[in-house]
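Encoded as structure tokens, the structure appears first; notes follow it.
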Amino acid sequence: MIVTAFAPPAKMVQAATPAAKRSPYSSPLTLLKQARSRDTFRHTFRRKILNWLITPPARLGLAGKRAHILTVRGRKTGRRYSTPVQLVIDGERRWLVAPYGEREWVKNARAAREVELTRALKTTRHGVDELAPDEAAPVLREYLRTTPVVKRFFEADRDDPLEAFAAEAPRHPVFRLLDRSLP
């Protein structure tokens with residue numbers, strides 16, 4: 001007997017399941033979930049080009065006050081990864097939002113408990129603290145109000161009550177940037 005360590009292709013699994021189980025019309029809940037689902041982020045070639053184009057102005061401080069380059073250390077490799085981000089700023093308080101869900105930088109920031117932010121050729125290291133859903137709700141609403149390009153990735157609308165954003169919080173992690181800069 002030969003045992004392989006690969007998973008069968010999705011078509012093979014789908015063919016093995018009865019037609020009644022894979023029908024999108026099998027239950028009203030399935031239809032409701034499909035109607036309410038939002039886009040999922042795909043790191044397409046177009047997105048890579050846009051990130052590549054926005055990185056130099058953000059690094060130089062020319063892309064707006066909220067635009068920064070986020071750099072995190074890989075949790076497995078230790079390699080440094082960078083991506084452009086938009087912060088939520090309220091006076092002296094700042095938050096880092098993951099509008100596209102739990103991306104690799106989110107996992108790396110959780111593991112390292114610190115990030116580096118670069119803007120106007122100045123790089124600072126900050127500790128991060130992930131917020132609970134009730135704390136993240138007002139930050140998510142403000143992020144959606146100030147960054148409308150990410151609207152399609154949220155089920156809540158910019159004028160919805162905070163409860164709708166608290167429900168979104170598990171899908172869009174929010175980190176408080178701690179006041180202390182790390183050496």
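Ordering of the structure tokens sets the chain letters (A, B, ...), residue numbers begin anew at 1 in every chain, and ligands are numbered from 1 in the order given.
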
key: strand (DSSP E) positions in segment 68-114 of chain A, given as a list in words   = His68, Ile69, Leu70, Thr71, Val72, Arg73, Arg80, Tyr81, Ser82, Thr83, Pro84, Val85, Gln86, Leu87, Val88, Ile89, Asp90, Arg93, Arg94, Trp95, Leu96, Val97 and Glu114 of chain A

Dump of C-alpha atoms for the selected residues, as a PDB file, in the first residue's frame:
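Listing of part_6.pdb after writing:
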```pdb
ATOM      1  CA  HIS A  68       3.831  54.854   6.236  1.00  0.00           C
ATOM      2  CA  ILE A  69       5.965  51.900   5.277  1.00  0.00           C
ATOM      3  CA  LEU A  70       5.445  49.081   7.754  1.00  0.00           C
ATOM      4  CA  THR A  71       8.364  46.711   8.284  1.00  0.00           C
ATOM      5  CA  VAL A  72       8.053  43.547  10.352  1.00  0.00           C
ATOM      6  CA  ARG A  73      10.418  40.682  11.023  1.00  0.00           C
ATOM      7  CA  ARG A  80      12.347  41.857   7.153  1.00  0.00           C
ATOM      8  CA  TYR A  81       9.154  42.411   5.141  1.00  0.00           C
ATOM      9  CA  SER A  82       7.783  45.841   4.195  1.00  0.00           C
ATOM     10  CA  THR A  83       4.415  47.034   2.947  1.00  0.00           C
ATOM     11  CA  PRO A  84       2.698  50.433   2.640  1.00  0.00           C
ATOM     12  CA  VAL A  85      -0.031  51.092   5.241  1.00  0.00           C
ATOM     13  CA  GLN A  86      -2.462  53.844   6.237  1.00  0.00           C
ATOM     14  CA  LEU A  87      -2.609  54.609   9.954  1.00  0.00           C
ATOM     15  CA  VAL A  88      -5.549  55.924  11.949  1.00  0.00           C
ATOM     16  CA  ILE A  89      -4.350  59.003  13.817  1.00  0.00           C
ATOM     17  CA  ASP A  90      -6.230  60.765  16.624  1.00  0.00           C
ATOM     18  CA  ARG A  93      -2.763  58.094  19.529  1.00  0.00           C
ATOM     19  CA  ARG A  94      -2.132  55.926  16.459  1.00  0.00           C
ATOM     20  CA  TRP A  95      -3.488  52.583  15.302  1.00  0.00           C
ATOM     21  CA  LEU A  96      -2.503  50.113  12.633  1.00  0.00           C
ATOM     22  CA  VAL A  97      -5.426  48.447  10.818  1.00  0.00           C
ATOM     23  CA  GLU A 114       6.833  45.287  17.529  1.00  0.00           C
TER      24      GLU A 114
END
```

request  = Mind the document's chain letters and residue numbers, and return as a PyMOL selection string the residues of segment 81-179 of chain A that DSSP labels helix (DSSP H, G or I).
outcome  = chain A and resi 104-112+133-146+148-153+162-168

Polymer residues at most 8 Å from Arg158 of chain A, only C-alpha atoms, same-chain spacing of 5 or more positions, as a PDB file with C-alpha atoms, in the first residue's frame:
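The file below, out-v7.pdb, is the result:
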```pdb
ATOM      1  CA  ARG A 141     -15.207  52.928  11.610  1.00  0.00           C
ATOM      2  CA  GLU A 142     -12.758  55.843  11.411  1.00  0.00           C
ATOM      3  CA  LEU A 144     -13.404  53.101   6.763  1.00  0.00           C
ATOM      4  CA  ARG A 145     -14.431  56.772   6.791  1.00  0.00           C
TER       5      ARG A 145
END
```

message = Restricting the calculation to only C-alpha atoms: of A:Trp105, A:Val150, A:Ala58, A:Tyr143, which residue gets closest to Arg79 of chain A?
response = A:Trp105

What's around Glu163 of chain A at 12 Å? Count only C-alpha atoms, leave out sequence neighbours fewer than 4 positions away in its own chain, and write the answer as a short mmCIF file (atom, residue, chain, number, x, y, z; two decimals) with C-alpha atoms, in the first residue's frame.
```
data_model
loop_
_atom_site.label_atom_id
_atom_site.label_comp_id
_atom_site.auth_asym_id
_atom_site.auth_seq_id
_atom_site.Cartn_x
_atom_site.Cartn_y
_atom_site.Cartn_z
CA PRO A 133 -13.36 43.89 19.26
CA ASP A 134 -15.15 46.52 21.38
CA GLU A 135 -11.99 48.70 21.45
CA ALA A 136 -11.34 48.15 17.73
CA ALA A 137 -14.85 49.14 16.58
CA PRO A 138 -14.44 52.95 16.64
CA LEU A 140 -12.37 50.48 12.22
CA ARG A 141 -15.21 52.93 11.61
CA ALA A 156 -20.24 47.25 7.73
CA ASP A 157 -20.91 50.61 6.11
CA ASP A 159 -22.25 55.08 9.03
CA ALA A 167 -18.58 42.18 14.55
CA GLU A 168 -16.01 43.03 11.82
CA ALA A 169 -13.08 43.23 14.26
#
```

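Relative to atom CA of Lys48 of chain A, atom CA of Arg75 of chain A is found at 22.3 Å.
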
task = Could you give me, as a VMD selection string, the residues within 9 Å of Leu121 of chain A, counting only C-alpha atoms and dropping anything in the same chain fewer than 4 positions from it?
result = chain A and resid 59 to 61

remark   = Separating atom CA of Phe175 of chain A from atom CA of Phe154 of chain A, to the nearest tenth of an Å, is a gap of 17.5 Å
